[in-house]
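To be precise, the following lines are data_38.txt, and they hold compact mmCIF, C-alpha atoms.
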```txt
# COMPACT_ATOMS: atom_id res chain seq x y z
CA MET A 1 100.45 212.78 107.76
CA ARG A 2 100.35 214.47 104.38
CA ASN A 3 101.72 217.96 103.80
CA ASP A 4 100.54 219.64 100.57
CA PHE A 5 102.91 222.60 101.02
CA ARG A 6 105.63 222.19 98.45
CA LEU A 7 108.96 224.02 97.92
CA SER A 8 111.40 224.02 95.09
CA LEU A 9 115.01 223.02 95.84
CA LEU A 10 116.10 226.61 95.37
CA GLU A 11 113.44 227.83 97.81
CA LEU A 12 114.43 225.18 100.33
CA ASN A 13 118.14 226.00 100.02
CA SER A 14 117.33 229.70 100.38
CA LEU A 15 115.49 228.96 103.65
CA VAL A 16 118.55 227.02 104.88
CA ARG A 17 120.84 229.93 103.93
CA GLU A 18 118.63 232.47 105.70
CA LEU A 19 118.41 230.22 108.76
CA ILE A 20 122.17 229.79 108.97
CA GLU A 21 122.81 233.52 108.47
CA ARG A 22 120.25 234.39 111.12
CA GLN A 23 121.21 231.74 113.68
CA MET A 24 125.00 231.83 113.17
CA PRO A 25 125.96 235.43 112.36
CA ASP A 26 129.32 235.30 114.18
CA GLU A 27 132.81 233.99 113.31
CA TYR A 28 134.21 230.92 115.13
CA TRP A 29 137.67 229.53 115.88
CA VAL A 30 137.73 225.85 114.94
CA GLU A 31 140.44 223.19 115.39
CA ALA A 32 140.80 220.75 112.50
CA GLU A 33 143.20 218.75 110.40
CA LEU A 34 143.72 219.50 106.72
CA SER A 35 143.02 216.44 104.61
CA GLU A 36 143.32 218.51 101.43
CA CYS A 37 144.65 221.98 100.61
CA ARG A 38 144.93 223.42 97.09
CA GLU A 39 144.98 226.76 95.34
CA ASN A 40 142.96 227.72 92.30
CA ARG A 41 142.89 231.17 90.73
CA GLY A 42 144.22 232.77 93.88
CA HIS A 43 141.68 231.11 96.19
CA CYS A 44 142.50 228.30 98.65
CA TYR A 45 140.20 225.29 98.89
CA MET A 46 140.48 223.07 101.94
CA GLU A 47 139.00 219.84 103.21
CA LEU A 48 138.74 219.77 107.01
CA ILE A 49 138.63 216.58 109.02
CA GLN A 50 138.50 215.50 112.65
CA ARG A 51 139.68 212.05 113.73
CA ASP A 52 138.88 209.91 116.73
CA GLU A 53 141.87 210.07 119.08
CA ARG A 54 141.89 206.32 119.76
CA SER A 55 140.85 204.77 116.44
CA ASN A 56 142.11 207.58 114.16
CA THR A 57 138.96 207.21 112.07
CA PRO A 58 137.25 210.38 110.74
CA VAL A 59 134.31 211.56 112.83
CA ALA A 60 133.63 214.87 111.05
CA ARG A 61 134.32 216.44 107.66
CA ALA A 62 133.67 219.84 106.10
CA ALA A 63 134.72 221.95 103.13
CA ALA A 64 136.39 225.32 103.70
CA LYS A 65 137.44 228.18 101.43
CA CYS A 66 139.69 231.17 101.81
CA TRP A 67 138.99 233.79 99.15
CA ALA A 68 141.88 235.47 97.40
CA SER A 69 141.30 238.79 99.20
CA LYS A 70 142.08 237.08 102.53
CA TRP A 71 144.43 234.37 101.25
CA THR A 72 146.97 236.90 99.96
CA ILE A 73 147.27 238.20 103.54
CA VAL A 74 146.85 234.99 105.56
CA ARG A 75 149.23 232.79 103.59
CA PRO A 76 152.44 234.94 103.76
CA TYR A 77 151.94 235.59 107.47
CA PHE A 78 151.40 231.89 108.21
CA GLU A 79 154.47 230.83 106.19
CA ARG A 80 156.73 233.49 107.70
CA THR A 81 155.71 232.49 111.22
CA THR A 82 155.74 228.69 110.85
CA GLY A 83 158.37 228.34 108.12
CA GLN A 84 156.03 225.98 106.26
CA GLN A 85 153.27 225.95 103.70
CA LEU A 86 149.79 224.74 104.51
CA ARG A 87 149.60 221.10 103.51
CA ALA A 88 147.58 217.96 104.03
CA GLY A 89 148.07 216.35 107.43
CA MET A 90 148.70 219.66 109.21
CA LYS A 91 146.62 220.62 112.23
CA VAL A 92 145.32 224.21 112.09
CA LEU A 93 143.23 226.68 114.06
CA LEU A 94 140.94 228.54 111.62
CA ARG A 95 138.68 231.52 112.08
CA VAL A 96 135.55 230.82 110.01
CA TYR A 97 131.97 231.74 109.44
CA PRO A 98 129.33 229.52 107.84
CA GLN A 99 128.11 230.04 104.29
CA PHE A 100 125.43 228.17 102.48
CA HIS A 101 125.02 228.79 98.78
CA GLU A 102 121.89 227.65 96.99
CA ALA A 103 123.89 226.22 94.08
CA TYR A 104 127.13 225.07 95.74
CA GLY A 105 126.01 223.95 99.18
CA PHE A 106 127.58 224.51 102.59
CA SER A 107 131.18 225.51 103.37
CA TRP A 108 133.17 227.34 106.01
CA ILE A 109 134.69 230.62 104.88
CA VAL A 110 138.16 231.15 106.36
CA THR A 111 139.06 234.70 107.44
CA ASP A 112 142.19 233.95 109.50
CA ILE A 113 144.61 231.17 110.49
CA ASP A 114 146.50 231.14 113.80
CA PRO A 115 150.09 230.06 113.02
CA ASN A 116 150.96 229.71 116.71
CA TYR A 117 148.53 226.81 117.05
CA THR A 118 150.21 225.01 114.17
CA LEU A 119 153.63 225.78 115.61
CA GLY A 120 152.53 224.26 118.91
CA ASP A 121 151.23 221.15 117.19
CA GLN A 122 154.42 220.84 115.14
CA ALA A 123 156.50 221.30 118.26
CA ARG A 124 154.53 218.55 119.98
CA ARG A 125 155.02 216.25 117.01
CA ARG A 126 158.75 217.03 116.87
CA MET A 127 159.12 216.40 120.60
CA GLU A 128 157.26 213.11 120.26
CA ILE A 129 159.56 212.01 117.41
CA ILE A 130 162.65 213.05 119.39
CA ARG A 131 161.37 211.17 122.46
CA GLN A 132 160.74 208.05 120.39
CA LEU A 133 164.21 208.22 118.82
CA LYS A 134 165.79 208.49 122.27
CA ASP A 135 163.66 205.62 123.57
CA GLU A 136 164.89 203.51 120.65
CA GLY A 137 168.47 204.41 121.59
CA VAL A 138 169.33 205.77 118.12
CA PHE A 139 169.26 209.54 118.70
CA ASP A 140 173.03 209.81 119.31
CA LEU A 141 174.26 206.91 117.14
CA GLN A 142 175.61 209.15 114.37
CA ARG A 143 177.67 211.25 116.79
CA GLU A 144 179.33 208.05 118.05
CA LEU A 145 180.79 207.46 114.58
CA GLN A 146 184.34 208.66 113.87
CA LEU A 147 184.84 210.89 110.85
CA PRO A 148 187.95 209.59 109.02
CA LEU A 149 191.03 211.83 109.18
CA LEU A 150 191.31 211.79 105.40
CA CYS A 151 187.65 212.42 104.59
CA LEU A 152 187.88 212.78 100.80
CA ASN A 153 185.35 210.32 99.29
CA ILE A 154 181.95 211.98 99.64
CA ALA A 155 178.49 210.66 98.73
CA VAL A 156 176.13 213.59 98.09
CA ILE A 157 172.34 213.51 98.40
CA SER A 158 170.86 216.53 96.65
CA SER A 159 168.83 217.68 93.71
CA GLN A 160 171.02 217.54 90.63
CA THR A 161 169.80 220.94 89.44
CA ALA A 162 170.08 222.69 92.81
CA ALA A 163 172.34 225.72 92.88
CA GLY A 164 173.57 224.66 96.31
CA TYR A 165 174.88 221.37 94.89
CA GLY A 166 176.89 223.24 92.25
CA ASP A 167 178.29 225.62 94.86
CA PHE A 168 179.24 222.67 97.06
CA CYS A 169 181.12 220.86 94.25
CA ASN A 170 182.83 224.04 93.04
CA GLN A 171 184.07 224.91 96.51
CA LEU A 172 185.55 221.44 96.96
CA ALA A 173 187.12 221.55 93.50
CA ASP A 174 188.79 224.88 94.29
CA SER A 175 190.35 223.49 97.47
CA PRO A 176 193.90 222.06 97.51
CA PHE A 177 192.57 218.61 98.39
CA ALA A 178 191.62 215.77 96.03
CA PHE A 179 187.95 215.37 96.98
CA ARG A 180 185.89 212.82 95.07
CA THR A 181 182.13 213.30 95.09
CA GLN A 182 179.33 211.13 93.74
CA LEU A 183 175.78 212.39 93.51
CA PHE A 184 172.78 210.28 94.53
CA PRO A 185 169.87 212.44 93.29
CA ALA A 186 166.86 212.97 95.57
CA THR A 187 163.82 215.21 95.89
CA MET A 188 164.63 217.94 98.39
CA GLN A 189 161.28 219.69 98.70
CA GLY A 190 157.65 218.77 98.62
CA GLU A 191 155.85 215.63 99.74
CA GLY A 192 158.37 213.16 98.30
CA VAL A 193 161.35 214.30 100.39
CA GLU A 194 161.18 211.53 103.01
CA GLN A 195 161.04 208.50 100.72
CA SER A 196 163.39 210.02 98.15
CA ILE A 197 166.19 210.59 100.68
CA ILE A 198 165.64 207.13 102.23
CA ASN A 199 165.98 205.59 98.74
CA ALA A 200 169.20 207.57 98.16
CA LEU A 201 170.66 206.33 101.45
CA GLU A 202 169.81 202.77 100.45
CA ARG A 203 171.52 203.24 97.07
CA ILE A 204 174.64 204.57 98.82
CA TYR A 205 174.72 201.56 101.16
CA ASN A 206 174.26 199.07 98.31
CA TYR A 207 176.83 200.86 96.14
CA GLN A 208 179.44 200.80 98.86
CA SER A 209 178.75 197.11 99.58
CA SER A 210 179.17 196.15 95.90
CA ILE A 211 182.43 198.00 95.16
CA VAL A 212 185.67 196.37 96.32
CA ASN A 213 188.34 198.62 97.88
CA TYR A 214 186.17 201.74 97.74
CA GLN A 215 184.50 203.26 100.73
CA PHE A 216 182.65 206.54 101.20
CA ASP A 217 184.10 208.52 104.09
CA ALA A 218 180.96 210.60 104.65
CA VAL A 219 177.49 211.34 103.29
CA VAL A 220 176.42 214.96 102.73
CA ILE A 221 172.73 215.86 102.52
CA ILE A 222 172.43 219.38 101.09
CA ARG A 223 169.58 221.55 99.94
CA GLY A 224 170.08 224.96 98.43
CA GLY A 225 167.72 227.49 96.98
CA GLY A 226 164.54 226.09 98.53
CA ALA A 227 162.05 227.90 100.75
CA THR A 228 161.92 227.44 104.49
CA SER A 229 158.31 226.41 104.07
CA ASP A 230 159.52 223.12 102.51
CA MET A 231 161.36 221.92 105.63
CA SER A 232 158.58 219.66 106.91
CA GLY A 233 159.78 216.68 104.88
CA PHE A 234 162.94 216.54 107.02
CA ASP A 235 160.97 216.21 110.28
CA THR A 236 159.62 212.66 109.91
CA LEU A 237 160.27 209.70 112.18
CA LEU A 238 161.08 207.24 109.38
CA LEU A 239 163.68 209.52 107.77
CA ALA A 240 165.25 210.33 111.15
CA GLU A 241 165.53 206.60 111.97
CA ASN A 242 167.26 205.91 108.64
CA VAL A 243 169.72 208.77 109.13
CA ALA A 244 170.44 207.86 112.77
CA ASN A 245 171.09 204.18 111.95
CA PHE A 246 173.22 204.83 108.85
CA PRO A 247 176.74 203.34 109.30
CA ILE A 248 178.58 206.27 107.63
CA PRO A 249 178.85 209.76 109.18
CA ILE A 250 176.19 212.08 107.71
CA ILE A 251 176.65 215.84 107.37
CA THR A 252 173.50 217.90 106.80
CA GLY A 253 173.32 221.33 105.21
CA ILE A 254 169.63 221.69 104.48
CA GLY A 255 168.36 224.61 106.58
CA HIS A 256 168.85 228.26 107.26
CA ASP A 257 170.13 230.12 110.29
CA ARG A 258 167.06 229.66 112.45
CA ASP A 259 165.90 226.26 111.22
CA GLU A 260 166.99 222.92 112.66
CA SER A 261 165.24 219.83 111.38
CA ILE A 262 165.09 216.53 113.21
CA ILE A 263 167.59 214.94 110.81
CA ASP A 264 169.93 217.84 111.69
CA MET A 265 169.62 216.75 115.31
CA VAL A 266 170.43 213.08 114.65
CA SER A 267 173.14 213.61 112.02
CA HIS A 268 176.86 213.42 112.76
CA GLN A 269 177.37 217.12 111.94
CA ARG A 270 174.90 219.88 111.14
CA VAL A 271 175.89 222.97 109.14
CA LYS A 272 173.75 225.78 107.74
CA THR A 273 174.20 225.60 103.98
CA PRO A 274 175.83 223.52 101.22
CA THR A 275 178.80 225.92 101.11
CA ALA A 276 179.14 225.56 104.87
CA ALA A 277 179.22 221.76 104.39
CA ALA A 278 182.03 222.14 101.83
CA ALA A 279 183.87 224.51 104.19
CA PHE A 280 183.51 221.97 107.02
CA LEU A 281 185.05 219.19 104.90
CA ILE A 282 187.87 221.46 103.72
CA ASP A 283 188.58 222.58 107.31
CA HIS A 284 188.55 218.93 108.44
CA ALA A 285 191.04 218.00 105.70
CA GLN A 286 193.18 221.02 106.57
CA THR A 287 193.14 220.00 110.23
CA CYS A 288 194.31 216.54 109.19
CA LEU A 289 197.03 218.06 106.98
CA ASP A 290 198.13 220.37 109.80
CA ALA A 291 198.28 217.37 112.15
CA ILE A 292 200.40 215.44 109.63
CA GLU A 293 202.73 218.40 109.09
CA ASP A 294 202.97 218.94 112.84
CA ALA A 295 203.77 215.26 113.33
CA GLN A 296 206.33 215.47 110.52
CA THR A 297 207.96 218.50 112.17
CA ARG A 298 208.00 216.83 115.55
CA MET A 299 209.40 213.62 114.06
CA ALA A 300 212.14 215.57 112.26
CA ARG A 301 212.93 217.47 115.46
CA TYR A 302 212.97 214.27 117.50
CA THR A 303 215.12 212.49 114.91
CA GLN A 304 217.59 215.38 114.82
CA GLN A 305 217.72 215.47 118.60
CA LYS A 306 218.20 211.71 118.71
CA ILE A 307 221.03 211.91 116.16
CA THR A 308 222.70 214.72 118.15
CA ASN A 309 222.46 212.68 121.36
CA LEU A 310 223.85 209.59 119.67
CA LYS A 311 226.72 211.59 118.19
CA SER A 312 227.50 212.99 121.62
CA GLN A 313 227.42 209.52 123.14
CA LEU A 314 229.60 208.22 120.29
CA SER A 315 232.12 211.01 120.85
CA ILE A 316 232.28 210.21 124.56
CA LEU A 317 232.71 206.51 123.82
CA GLN A 318 235.35 207.30 121.23
CA LYS A 319 237.38 209.25 123.79
CA ALA A 320 236.86 206.64 126.49
CA LEU A 321 237.56 203.66 124.21
CA PRO A 322 241.39 203.57 124.56
CA ARG A 323 241.15 203.78 128.33
CA LEU A 324 238.41 201.20 128.42
CA PHE A 325 240.36 198.95 126.04
CA SER A 326 243.45 199.22 128.25
CA VAL A 327 241.42 198.32 131.32
CA VAL A 328 239.77 195.42 129.55
CA LYS A 329 243.10 194.25 128.14
CA THR A 330 244.76 194.33 131.57
CA ARG A 331 241.82 192.44 133.10
CA GLN A 332 241.86 189.80 130.36
CA GLU A 333 245.64 189.37 130.57
CA ALA A 334 245.39 188.91 134.35
CA ARG A 335 242.60 186.43 133.84
CA LEU A 336 244.64 184.50 131.26
CA ASP A 337 247.66 184.43 133.57
CA ALA A 338 245.52 183.12 136.39
CA LEU A 339 244.09 180.44 134.11
CA HIS A 340 247.59 179.52 132.92
CA ASN A 341 248.89 179.13 136.49
CA ARG A 342 245.86 177.09 137.46
CA MET A 343 246.40 174.83 134.46
CA LEU A 344 250.08 174.32 135.31
CA THR A 345 249.24 173.53 138.91
CA ARG A 346 246.57 171.08 137.82
CA MET A 347 248.88 169.39 135.33
CA GLN A 348 251.57 169.00 138.01
CA GLN A 349 249.00 167.49 140.39
CA LEU A 350 247.79 165.06 137.73
CA THR A 351 251.37 164.10 136.79
CA THR A 352 252.35 163.44 140.42
CA THR A 353 249.23 161.32 140.97
CA ALA A 354 249.88 159.34 137.77
CA ARG A 355 253.51 158.68 138.73
CA ALA A 356 252.51 157.46 142.19
CA THR A 357 249.99 155.13 140.60
CA LEU A 358 252.58 153.79 138.15
CA ASN A 359 255.12 153.20 140.93
CA LEU A 360 252.53 151.32 142.95
CA LEU A 361 251.61 149.16 139.96
CA GLU A 362 255.28 148.58 139.19
CA SER A 363 255.93 147.28 142.72
CA LYS A 364 252.91 144.95 142.62
CA LEU A 365 253.47 143.63 139.07
CA PRO A 366 255.93 140.70 139.83
CA LEU A 367 253.74 139.35 142.62
CA MET A 368 250.62 139.65 140.47
CA ALA A 369 252.40 137.92 137.56
CA GLU A 370 253.51 135.06 139.80
CA ARG A 371 250.00 134.58 141.10
CA ARG A 372 248.62 134.57 137.55
CA LEU A 373 251.19 131.92 136.46
CA GLN A 374 250.38 129.71 139.45
CA ALA A 375 246.72 129.93 138.74
CA GLY A 376 247.38 129.07 135.06
CA HIS A 377 249.44 125.96 136.00
CA HIS A 378 246.71 124.79 138.34
CA ASN A 379 244.04 125.16 135.66
CA ILE A 380 246.16 123.23 133.15
CA ALA A 381 246.58 120.40 135.66
CA LEU A 382 242.83 120.22 136.18
CA ILE A 383 242.23 120.07 132.44
CA GLU A 384 244.77 117.26 132.07
CA GLU A 385 243.01 115.23 134.74
CA ARG A 386 239.69 115.70 132.97
CA LEU A 387 241.19 114.65 129.64
CA LYS A 388 242.63 111.50 131.20
CA ALA A 389 239.23 110.58 132.62
CA LEU A 390 237.70 110.93 129.16
CA ASP A 391 240.38 108.80 127.36
CA PRO A 392 238.65 105.82 125.53
CA GLN A 393 241.65 103.61 126.20
CA LEU A 394 240.85 103.73 129.90
CA LEU A 395 237.39 102.29 129.17
CA LEU A 396 238.85 99.53 127.02
CA SER A 397 241.22 98.55 129.81
CA ARG A 398 238.21 97.98 132.00
CA GLY A 399 236.81 95.31 129.56
CA TYR A 400 234.64 97.53 127.40
CA SER A 401 234.78 97.50 123.57
CA ILE A 402 233.84 100.03 120.91
CA THR A 403 232.13 98.96 117.63
CA THR A 404 232.49 101.28 114.67
CA LYS A 405 231.23 101.30 111.12
CA ASP A 406 233.03 103.48 108.65
CA GLY A 407 234.92 105.14 111.54
CA ARG A 408 231.74 106.02 113.47
CA ALA A 409 230.61 104.41 116.73
CA VAL A 410 227.57 102.13 116.44
CA ARG A 411 225.12 102.93 119.21
CA ASP A 412 222.02 101.14 117.91
CA PRO A 413 221.76 97.75 116.08
CA SER A 414 219.25 99.29 113.71
CA GLN A 415 222.12 101.28 112.25
CA LEU A 416 223.43 98.05 110.71
CA LYS A 417 222.19 95.82 107.94
CA PRO A 418 223.40 92.49 106.60
CA GLY A 419 226.67 92.69 104.73
CA ASP A 420 227.93 95.76 106.61
CA GLN A 421 231.59 95.65 107.59
CA ILE A 422 232.14 96.58 111.24
CA GLU A 423 235.21 96.87 113.47
CA THR A 424 235.30 96.08 117.18
CA ARG A 425 238.10 97.73 119.17
CA LEU A 426 239.35 95.93 122.32
CA GLU A 427 242.03 96.78 124.88
CA LYS A 428 244.53 94.70 122.94
CA GLY A 429 243.69 94.80 119.23
CA THR A 430 240.65 95.01 116.93
CA ILE A 431 238.18 92.51 115.39
CA LYS A 432 236.64 93.02 111.96
CA SER A 433 233.28 91.37 111.30
CA THR A 434 230.54 91.14 108.66
CA VAL A 435 226.90 91.50 109.67
CA ILE A 436 224.73 88.55 108.56
```

Go ahead and express the file in the form of structure tokens.
Amino acid sequence: MRNDFRLSLLELNSLVRELIERQMPDEYWVEAELSECRENRGHCYMELIQRDERSNTPVARAAAKCWASKWTIVRPYFERTTGQQLRAGMKVLLRVYPQFHEAYGFSWIVTDIDPNYTLGDQARRRMEIIRQLKDEGVFDLQRELQLPLLCLNIAVISSQTAAGYGDFCNQLADSPFAFRTQLFPATMQGEGVEQSIINALERIYNYQSSIVNYQFDAVVIIRGGGATSDMSGFDTLLLAENVANFPIPIITGIGHDRDESIIDMVSHQRVKTPTAAAAFLIDHAQTCLDAIEDAQTRMARYTQQKITNLKSQLSILQKALPRLFSVVKTRQEARLDALHNRMLTRMQQLTTTARATLNLLESKLPLMAERRLQAGHHNIALIEERLKALDPQLLLSRGYSITTKDGRAVRDPSQLKPGDQIETRLEKGTIKSTVI
């Protein structure tokens, strides 16, 4: 179907503007997330977005503007109520009306922002982070650490140019204690807070691991001179996990009286300001010094009391010593006398026994000597008989002879050879022969 009725772009956009103004004359409260928020010449330009709850993908987008006449009223009220500036990623409840401009297109014009909605969303997010930290079992890890008694070596995370950092160092320097501080610079406001502090914690951990015989006693995270609206960077899950799991006690002094960030909740000790952090460390050192002085006083008192008691005991012993010595001497002398008498009695018994034994032996000695002599004579007679039986002359008398060669008896003919001179002994004489 052909339509010959033609409109210019301006005419068409004008029709759209008139249609929107006629059909949507009211203002509307709309829930959205800020994907962009920036100021320019006193006006605030926003990009609104809505995400799918399950996939987190954008399902709607729109531009929004808050003119300077409204922004100068809305912004201070929002920041005073929430303690934060409007920023990307924040969920907001806006009061808007539609506006379509022939040259610039469609946008929502913001007339009001409900800070209570944002506070509720922030509270929900904070509660979710706290719940997750507790589920992970890290929420109370820092409070389980023990702050050293002599807490003098301090690692400081702060902006180098922050007035609070200078106040902190000056207060420690004016104290009577030898504090040593080392700064690990970090961004303490704006979008880079989270990663900057995490990087500083990592540098502290690596520094401590690389230096021999040097240990930080505590880490102090301080922020001075910033606005309460910049506190959002301290309410992130990743930063809270890093603080909670850090192996050194962390003291935070980043907020004001009514502000408590999540890293305040998970830190070892939370104080209000940098000067309060310095005061806490000085008080802790003073408490340690008081404990040492108290222990010194008690030790001196105990030592003095012990010396007094020992002197008293020594005096008593000194007075009792002569009497005790006399008693001991008498007892030892009696004991020696008893031992002496026992020894004499024993010696007399042994002497009597020995004499009786000698008398008995003396009476038996002649008889025993006679018996030994008789036995000796009998043995000699037996030996003589044996010698007679072995006499060679007795064999010769029985008709035997003995042949010798060179004085040795010949037992085997093979011992002889022709020409050998031999001698044969008979009962009556000898015969000399030559072997042929």

Taking all atoms listed in the file into account, name the residue in A:Ala279, A:Met188, A:Ala244, A:Leu10 that is nearest to Cys169 (chain A).
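Checking each of A:Ala279, A:Met188, A:Ala244, A:Leu10 against Cys169 (chain A), counting all atoms listed in the file, the winner is A:Ala279.
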
Quick one: contact table of region 350-397 of chain A to region 419-431 of chain A, 10 Å max, nearest atom pair and distance in Å to one decimal per residue, counting only C-alpha atoms, chain and number order, as JSON lines?
```
{"residue": "A:Pro392", "atom": "CA", "partner": "A:Glu427", "partner_atom": "CA", "distance": 9.7}
{"residue": "A:Gln393", "atom": "CA", "partner": "A:Glu427", "partner_atom": "CA", "distance": 7.0}
{"residue": "A:Leu394", "atom": "CA", "partner": "A:Glu427", "partner_atom": "CA", "distance": 8.7}
{"residue": "A:Leu395", "atom": "CA", "partner": "A:Glu427", "partner_atom": "CA", "distance": 8.4}
{"residue": "A:Leu396", "atom": "CA", "partner": "A:Glu427", "partner_atom": "CA", "distance": 4.7}
{"residue": "A:Ser397", "atom": "CA", "partner": "A:Glu427", "partner_atom": "CA", "distance": 5.3}
```

Exercise: Phe234 (chain A) partners within 12 Å, all atoms listed in the file, chain neighbours under 4 positions left out, as an MDAnalysis selection string:
chainID A and resid 84 126 129 187:198 221:223 228:230 238:243 252:255 259:267

How many Å separate CA of Leu48 (chain A) from CA of Leu93 (chain A)?
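Atom-to-atom, CA of Leu48 (chain A) to CA of Leu93 (chain A), that is 10.8 Å.
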
When you draw a straight line from CA of Gln415 (chain A) to CA of Asp391 (chain A), how long is it in Å?
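For CA of Gln415 (chain A) relative to CA of Asp391 (chain A), the distance reads 24.9 Å.
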
Between A:Val219, A:Ala103, A:Ile380, A:Ala375, which residue has the minimum interatomic distance to Glu11 (chain A), considering all atoms listed in the file?
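Smallest distance to Glu11 (chain A) is found for A:Ala103.
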
Work out how far apart CA of Ile436 (chain A) and CA of Arg411 (chain A) are and give it in Å to one decimal.
17.9 Å

Leu149 (chain A) surroundings by only C-alpha atoms, 12 Å radius, close-in-sequence under 3 positions cut, as a list in words:
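Using only C-alpha atoms, the neighbours found are Gln146, Leu152, Asn153, Asp217, Ala218, Leu281, Ile282, Asp283, His284, Ala285, Gln286, Thr287, Cys288, Leu289, Asp290, Ala291 and Ile292 of chain A.
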
Nearest residue to Val16 (chain A) out of A:Glu362, A:Asp135, A:Glu102, A:Asp406, using only C-alpha atoms?
A:Glu102

Which polymer residues have any atom within 9 Å of an atom of Arg75 (chain A), counting all atoms listed in the file, with same-chain residues fewer than 6 positions away left out, as an NGL selection string?
:A and (85-86 or 113)

My list of candidates is A:Ser35, A:Asn245, A:Thr353, A:Asn341. Which is closest to Glu47 (chain A) when distances are computed with only C-alpha atoms?
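Answer, going by the shortest atom-to-atom distance: A:Ser35.
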
Please provide the set of residues having any atom within 7 Å of Gly164 (chain A), restricted to only C-alpha atoms, with same-chain residues fewer than 2 positions apart removed, written as a list in words.
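Returned residues: Ala162, Gly166, Asp167, Phe168, Arg223, Gly224, Gly225 and Pro274 of chain A.
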
My list of candidates is A:Trp29, A:Leu416, A:His268, A:Met24. Which is closest to Val138 (chain A) when distances are computed with only C-alpha atoms?
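Using only C-alpha atoms, the shortest distance to Val138 (chain A) belongs to A:His268.
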
Would you mind listing what lies within 8 Å of Asp112 (chain A) as number ranges by chain, with all atoms listed in the file counted and same-chain residues fewer than 6 positions away left out?
A: 70, 74, 94-96

With distances taken over only C-alpha atoms, which of A:His101, A:Phe5, A:Thr82, A:Asp140 is nearest to Ala123 (chain A)?
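Closest residue, counting only C-alpha atoms: A:Thr82.
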
Exercise: residues within 10 Å of coordinate (176.8, 208.8, 101.0), counting only C-alpha atoms, as a PyMOL selection string
chain A and resi 153-157+181-184+200-205+207-208+215-221+246-251

Give as a list in words every residue, naming chains and numbers as the document does, that has an atom within 8 Å of (131.7, 219.8, 108.0), counting only C-alpha atoms.
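Final list of nearby residues, as requested, is Leu48, Ile49, Ala60, Arg61, Ala62, Ala63, Ser107 and Trp108 of chain A.
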